[in-house]
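Undergrad: Just dropping this structure here.
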Amino acid sequence: MSGTRKGTRPLTGVRVLDFGLLTAGANTSAMLADLGADVIKIESGAYLDPFRVVGKPDDNDGWWNRSPQFRFTNRNKRGLALNLKDKDGQRVIRELAAKCDVVVENFRRGVLDRAGLGYQDLKAINPRIVFAAISSQGDTGPERMNVSFGSTLDATSGIAALTGYEGEEPRISGMDVNYPDQIVSLFATGMVITAVMEARRTGQGCFLDFSQREVASFTLGEEILAASAHPTRTLARQGNRQEGVAQQDTYRCRDGRWIAVTLAMPDATLPDFCAGRDSNAAVAALLEKGIAAAPCNEGLDLLRDRSLAGVTVVRDEKGGLVKGLPYRLDGKGIAIDRAAPDLGQHTEEVLRELLGYDDAAVAKLAEKGVTSTVPNVGEV
Amino acid sequence: MTSSDALPLQRFTIVEVNDRDVPLCLRLASSLAGKITADLGATVLKIEPPGGDPVRRAPPLLPQGESALFQFLNTSKRSLVLDLAGADGRAALARLLETADAVLFEEPASVAVLARGGKATAIEIAAFPVEMDAASRPVSEFTILALGGLLHMVGEPERKPLRLGGHQASYAAGLTAFTGLAAALAARDAGHAAPAVRVSLAEVMQWVNWKAASGAEASGTSPGREGKASEFQIVPCRDGHVAVVYTATQWPQTRALIGDPRLADPKYNTRAGRRQHVAEIYTIMTPWFADKTRAEIQKTAQAKGVPFGPIFSPVELLDTEQYVARGFLATLGKYRVPQLPVQWNGRSFAPRPAPELAT
């Protein structure tokens with residue numbers, strides 16, 4: 001299969017050099033792929049996308065190609081394994097950058113610069129390149145080298161301070177959600193597309209510097225604005241209540257399930273009303289009265305609910321569950337053109353197709369260990 | 001950008017239709033998408049119903065009574081009042097849509113047919129997926145969090161599920177609509193047919209919560225709120241709280257940071273072992289935090305590469321050194337507000353004040 005994919009889509013003709021890892025980076029390029037871009041994901045035997053390791057299912061050969069989290073996030077991409085620490089690996093990347101429109105990366109700051117593959121290096125080769133750098137704190141400032149992992153940013157962005165049981169300690173979304181990681185790509189993808197349009201028009205690319213912490217704080221824009229007007233404004237945790245809403249909470253029903261209800265007028269009888277009914281009956285009765293109510297779904301419910309999971313979770317050609325789209329385009333969901341790549345699956349194909357490498361050139365890189373299809377990361 | 005003051009979307013015109021009687025959670029989403037494009041330079045015309053967008057009166061309020069929520073969500077836009085219940089209002093909207101590039105609107109809308117049928121690409125915000133056939137079902141942002149499975153993930157397992165702070169369902173949908181809108185503009189710009197975009201809050205939340213589906217399929221049981229059984233917990237310190245967060249490979253650094261010899265017990269060496277003994281680990285670790293400030297903890301932890309997260313409130317973020325150094329907070333009148341969370345060749349996109357309601 002070549003890089004050409006069916007039909008004309010919004011990003012048909014756009015090529016992405018993808019160094020994105022885990023969710024924040026890899027999902028931004030996944031969303032670009034879903035819109036029709038040709039996404040070339042770069043890993044190496046010495047440095048796998050950590051999702052290959054986090055989702056390691058067993059110790060058998062090829063475990064690195066079977067992680068559910070990796071499969072969810074990297075469908076519709078081609079995968080290359082090139083050692084970025086090797087001079088020849090770096091040369092190949094620079095040759096690829098000349099043929100690409102976009103770079104997406106979420107390494108710790110400075111990693112690509114040290115490999116001679118930072119924005120200034122690639123811009124010198126390809127002035128049209130749009131370089132999206134997604135990092136914990138952004139590319140500047142005293143905390144630029146700080147590390148974070150998912151819920152670190154619930155804490156430092158302000159979200160955790162506004163989350164928790166009434167009057168109790170703050171709460172984070174936790175490692176099964178890692179909420180701040182999930183929302184970055186929803187914004188970053190749109191910004192990359194905006195910059196690609198500008199690069200087409202002017203011939204000039206740009207450096208897009210995203211701070212994941214800022215994205216999370218941006219979702220509290222009105223709270224930060226209000227705090228700047230009322231420096232003494234303190235917000236105790238208020239459970240599920242919300243300013244301006246008469247009554248809102250989760251209530252346990254007779255079948256043990258929780259439901260969420262939002263009321264325009266307070267109703268002290270609601271806990272008993274819910275406790276006396278099964279959750280489905282309680283939700284139906286409340287909706288009938290014009291009251292917003294819904295079951296607190298969990299993962300298995302989401303898999304069963306075809307209408308809810310219909311475009312957001314889909315199956316690839318191998319039958320594996322993968323991430324779908326957060327929106328519908330012309331009423332349709334995602335087209336999964338290819339499953340997530342095995343490590344280095346498309347290295348040879350892309351070097352031949354984009355760079356015109358012959359058998360000897362391909363073989364030489366493999367002999368030197370620049371390219372690979374197996375990890376050499378030691379025991380994980 | 002060709003000159004220093006040109007903005008990337010300034011050649012585009014977007015009409016944002018605020019119909020009457022639309023659930024607030026949809027309005028917040030469409031308004032956020034419009035705000036982002038407006039801050040990026042697009043001409044965004046916000047069509048308000050007579051009396052104005054109800055968000056103009058929604059909390060939190062600023063000292064003079066204006067809504068901070070409205071001010072944040074409507075920067076850099078223009079406003080026009082149209083009565084879309086009347087033929088004149090609809091005709092005026094139809095004329096605007098003749099020349100606009102895209103139209104943002106909420107479902108159910110009295111003007112849906114008009115908005116979908118014009119030359120402007122339709123970007124539609126709804127509560128539910130089409131298949132649920134639930135356009136008129138009562139909805140709130142909170143019930144969307146429940147449907148998408150987010151509530152199930154936060155809190156203690158034996159206690160009630162909790163929502164995340166802020167307007168997370170609406171804003172995640174607003175960010176999604178912005179990206180859909182950008183894709184549509186790019187298609188138009190390249191001379192392709194642009195797809196109509198439909199964003200539902202319920203689908204966005206389900207998509208954001210994908211690990212719940214992935215985990216449920218892999219293990220046969222639903223991941224859920226673990227509270228005090230979680231590896232990541234909130235610990236009190238001298239001046240507040242800190243979120244204890246570290247990856248499996250960062251355990252040796254975390255152990256070294258706390259420096260208590262009891263953590264060297266081999267039973268804590270694997271992730272499974274640490275999960276089994278979470279309570280013990282926290283009993284050992286908690287005293288280390290008690291006499292230190294958040295700033296000291298962050299500095300000491302980062303020096304060892306450990307990503308502990310001090311908990312900051314919105315008012316504290318105003319003085320955060322990193323945000324001040326990056327100029328993340330823009331001046332808006334007398335106050336300060338977060339800018340778009342991106343710098344373009346080092347440049348931020350300063351928002352212009354939200355429009356007054358025409359009288």
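Within each chain, counting starts at residue 1; across the structure tokens, chains are named A, B, ... in the order shown, with ligands numbered 1 upward in that order.
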If we count only C-alpha atoms and set the cut-off at 10 Å, which residues sit around Ala33 in chain A, ignoring sequence neighbours fewer than 3 positions away in its own chain? Please answer as a list of chain:residue names.

TA: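 Surrounding residues, per the criterion: A:Leu11, A:Thr12, A:Val14, A:Arg15, A:Val16, A:Asn27, A:Thr28, A:Ser29, A:Ala30, A:Gly36, A:Ala37, A:Asp38, A:Val39, A:Ile40, A:Asn74, A:Arg75, A:Asn76, A:Lys77, A:Arg78, A:Ile336, A:Asp337.
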
Undergrad: For the selection you just gave me, I'd like the residues written to a file as a PDB file, in the first residue's frame, keeping C-alpha atoms.

TA:
ATOM      1  CA  LEU A  11      -5.862  17.367   4.243  1.00  0.00           C
ATOM      2  CA  THR A  12      -5.259  15.298   1.121  1.00  0.00           C
ATOM      3  CA  VAL A  14      -0.421  17.109   3.348  1.00  0.00           C
ATOM      4  CA  ARG A  15       2.449  14.972   4.693  1.00  0.00           C
ATOM      5  CA  VAL A  16       3.316  14.795   8.387  1.00  0.00           C
ATOM      6  CA  ASN A  27      -3.095  11.771  18.704  1.00  0.00           C
ATOM      7  CA  THR A  28      -2.564  15.174  17.109  1.00  0.00           C
ATOM      8  CA  SER A  29      -0.970  13.481  14.113  1.00  0.00           C
ATOM      9  CA  ALA A  30      -3.666  10.761  14.218  1.00  0.00           C
ATOM     10  CA  GLY A  36      -6.490  12.719   4.906  1.00  0.00           C
ATOM     11  CA  ALA A  37      -2.867  13.604   5.674  1.00  0.00           C
ATOM     12  CA  ASP A  38      -0.103  11.061   4.970  1.00  0.00           C
ATOM     13  CA  VAL A  39       1.402  10.552   8.425  1.00  0.00           C
ATOM     14  CA  ILE A  40       4.839   8.983   8.810  1.00  0.00           C
ATOM     15  CA  ASN A  74      -1.755   5.184  15.780  1.00  0.00           C
ATOM     16  CA  ARG A  75      -4.111   3.760  13.185  1.00  0.00           C
ATOM     17  CA  ASN A  76      -4.013   5.369   9.742  1.00  0.00           C
ATOM     18  CA  LYS A  77      -0.270   6.033  10.048  1.00  0.00           C
ATOM     19  CA  ARG A  78       2.785   4.476   8.434  1.00  0.00           C
ATOM     20  CA  ILE A 336      -9.646   3.158   8.998  1.00  0.00           C
ATOM     21  CA  ASP A 337      -7.377   2.684   5.987  1.00  0.00           C
TER      22      ASP A 337
END

Undergrad: Kindly provide the residues of range 90-195 of chain B that approach range 9-15 of chain B to within 10 Å, each paired with its closest atom pair and their distance in Å to one decimal, based on only C-alpha atoms, listed by chain and increasing number, as a tab-separated table.

TA:
residue	atom	partner	partner_atom	distance
B:Leu93	CA	B:Val15	CA	8.9
B:Leu96	CA	B:Val15	CA	7.6
B:Leu97	CA	B:Val15	CA	7.2
B:Thr99	CA	B:Thr13	CA	7.9
B:Ala100	CA	B:Thr13	CA	5.0
B:Asp101	CA	B:Thr13	CA	5.5
B:Ala102	CA	B:Ile14	CA	5.0
B:Val103	CA	B:Val15	CA	4.7
B:Leu104	CA	B:Val15	CA	6.2
B:Phe105	CA	B:Val15	CA	8.5
B:Ala115	CA	B:Val15	CA	9.7
B:Ala120	CA	B:Ile14	CA	8.4
B:Thr121	CA	B:Ile14	CA	9.4
B:Ala122	CA	B:Val15	CA	9.8
B:Leu181	CA	B:Ile14	CA	9.6
B:Ala182	CA	B:Leu9	CA	9.4
B:Leu185	CA	B:Phe12	CA	8.3

Undergrad: Save out the residues we just selected, C-alpha atoms, as a PDB file, in the first residue's frame.

TA:
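Here's the written file selection_28.pdb:
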ATOM      1  CA  LEU B  93     -29.304  35.777   8.240  1.00  0.00           C
ATOM      2  CA  LEU B  96     -25.054  36.979   5.760  1.00  0.00           C
ATOM      3  CA  LEU B  97     -24.646  33.300   4.952  1.00  0.00           C
ATOM      4  CA  THR B  99     -20.839  35.556   1.835  1.00  0.00           C
ATOM      5  CA  ALA B 100     -19.693  33.754   4.999  1.00  0.00           C
ATOM      6  CA  ASP B 101     -17.206  30.884   4.853  1.00  0.00           C
ATOM      7  CA  ALA B 102     -18.753  28.900   7.688  1.00  0.00           C
ATOM      8  CA  VAL B 103     -21.719  28.977  10.030  1.00  0.00           C
ATOM      9  CA  LEU B 104     -21.646  27.670  13.586  1.00  0.00           C
ATOM     10  CA  PHE B 105     -25.003  26.736  15.091  1.00  0.00           C
ATOM     11  CA  ALA B 115     -27.832  27.110   7.927  1.00  0.00           C
ATOM     12  CA  ALA B 120     -21.244  28.630   4.093  1.00  0.00           C
ATOM     13  CA  THR B 121     -19.984  25.320   5.486  1.00  0.00           C
ATOM     14  CA  ALA B 122     -22.190  24.151   8.362  1.00  0.00           C
ATOM     15  CA  LEU B 181     -13.995  24.267  11.358  1.00  0.00           C
ATOM     16  CA  ALA B 182     -10.302  24.640  10.522  1.00  0.00           C
ATOM     17  CA  LEU B 185     -11.744  26.044   5.863  1.00  0.00           C
TER      18      LEU B 185
END

Undergrad: Using DSSP assignments from the backbone, pull out every residue in range 44-200 of chain A that falls under strand (DSSP E or B) and give it to me as a VMD selection string.

TA: chain A and resid 44 47 77 to 82 102 to 105 130 to 135

Undergrad: Would you save the residues from that selection as an mmCIF file, in the first residue's frame, using N, CA and C atoms?

TA:
data_model
loop_
_atom_site.group_PDB
_atom_site.id
_atom_site.type_symbol
_atom_site.label_atom_id
_atom_site.label_comp_id
_atom_site.auth_asym_id
_atom_site.auth_seq_id
_atom_site.Cartn_x
_atom_site.Cartn_y
_atom_site.Cartn_z
ATOM 1 N N SER A 44 12.230 4.402 17.040
ATOM 2 C CA SER A 44 13.453 3.654 16.769
ATOM 3 C C SER A 44 13.477 2.439 17.674
ATOM 4 N N TYR A 47 14.160 3.607 20.998
ATOM 5 C CA TYR A 47 13.169 4.427 21.677
ATOM 6 C C TYR A 47 11.791 4.209 21.063
ATOM 7 N N LYS A 77 -1.622 5.492 10.239
ATOM 8 C CA LYS A 77 -0.270 6.033 10.048
ATOM 9 C C LYS A 77 0.623 4.963 9.425
ATOM 10 N N ARG A 78 1.697 5.403 8.793
ATOM 11 C CA ARG A 78 2.785 4.476 8.434
ATOM 12 C C ARG A 78 3.878 4.610 9.494
ATOM 13 N N GLY A 79 4.580 3.522 9.756
ATOM 14 C CA GLY A 79 5.556 3.531 10.838
ATOM 15 C C GLY A 79 6.972 3.252 10.348
ATOM 16 N N LEU A 80 7.921 4.122 10.769
ATOM 17 C CA LEU A 80 9.336 3.936 10.446
ATOM 18 C C LEU A 80 10.121 3.801 11.742
ATOM 19 N N ALA A 81 11.174 3.002 11.708
ATOM 20 C CA ALA A 81 12.089 2.943 12.847
ATOM 21 C C ALA A 81 13.458 3.407 12.373
ATOM 22 N N LEU A 82 13.872 4.564 12.872
ATOM 23 C CA LEU A 82 15.154 5.168 12.482
ATOM 24 C C LEU A 82 15.832 5.681 13.747
ATOM 25 N N VAL A 102 4.498 19.130 7.698
ATOM 26 C CA VAL A 102 4.251 19.312 9.132
ATOM 27 C C VAL A 102 5.178 18.388 9.914
ATOM 28 N N VAL A 103 5.682 18.884 11.051
ATOM 29 C CA VAL A 103 6.333 18.035 12.051
ATOM 30 C C VAL A 103 5.517 18.138 13.333
ATOM 31 N N VAL A 104 5.225 16.993 13.953
ATOM 32 C CA VAL A 104 4.585 16.994 15.270
ATOM 33 C C VAL A 104 5.542 16.299 16.228
ATOM 34 N N GLU A 105 5.831 16.938 17.359
ATOM 35 C CA GLU A 105 6.704 16.278 18.335
ATOM 36 C C GLU A 105 6.316 16.670 19.750
ATOM 37 N N VAL A 130 5.661 23.403 8.956
ATOM 38 C CA VAL A 130 4.935 23.805 10.176
ATOM 39 C C VAL A 130 5.373 22.839 11.263
ATOM 40 N N PHE A 131 5.981 23.379 12.312
ATOM 41 C CA PHE A 131 6.599 22.555 13.340
ATOM 42 C C PHE A 131 5.806 22.712 14.624
ATOM 43 N N ALA A 132 5.054 21.672 14.993
ATOM 44 C CA ALA A 132 4.215 21.725 16.194
ATOM 45 C C ALA A 132 4.945 21.043 17.338
ATOM 46 N N ALA A 133 5.369 21.838 18.322
ATOM 47 C CA ALA A 133 6.064 21.315 19.502
ATOM 48 C C ALA A 133 5.089 21.332 20.672
ATOM 49 N N ILE A 134 4.759 20.157 21.164
ATOM 50 C CA ILE A 134 3.788 20.048 22.257
ATOM 51 C C ILE A 134 4.557 19.598 23.495
ATOM 52 N N SER A 135 4.530 20.432 24.539
ATOM 53 C CA SER A 135 5.294 20.061 25.726
ATOM 54 C C SER A 135 4.494 20.375 26.980
#

Undergrad: If we count only C-alpha atoms, what is near Gly167 in chain A at a cut-off of 8 Å, once residues fewer than 2 positions away on the same chain are taken out, given as JSON, numbers by chain?

TA: {"A": [164, 165, 169, 236, 237, 238]}

Undergrad: Of the residues A:Leu321, A:Met31, A:Val370, A:Ala281, which is the one nearest to Thr189 in chain A, using only C-alpha atoms?

TA: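 Of all the options, A:Met31 lies closest to Thr189 in chain A.
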
Undergrad: Would you list the contacts of Phe328 in chain B as a PyMOL selection string, taking every protein, DNA or RNA residue within 8 Å and counting only C-alpha atoms, but skipping same-chain residues closer than 5 positions in sequence?

TA: (chain A and resi 214) or (chain B and resi 323+338-339+341+348)

Undergrad: Give the alpha helix (DSSP H) residues of range 96-296 of chain A, as assigned by DSSP on the backbone, as number ranges by chain.

TA: A: 96-97, 111-114, 119-125, 152-157, 179-202, 212-218, 221-229, 270-275, 279-288
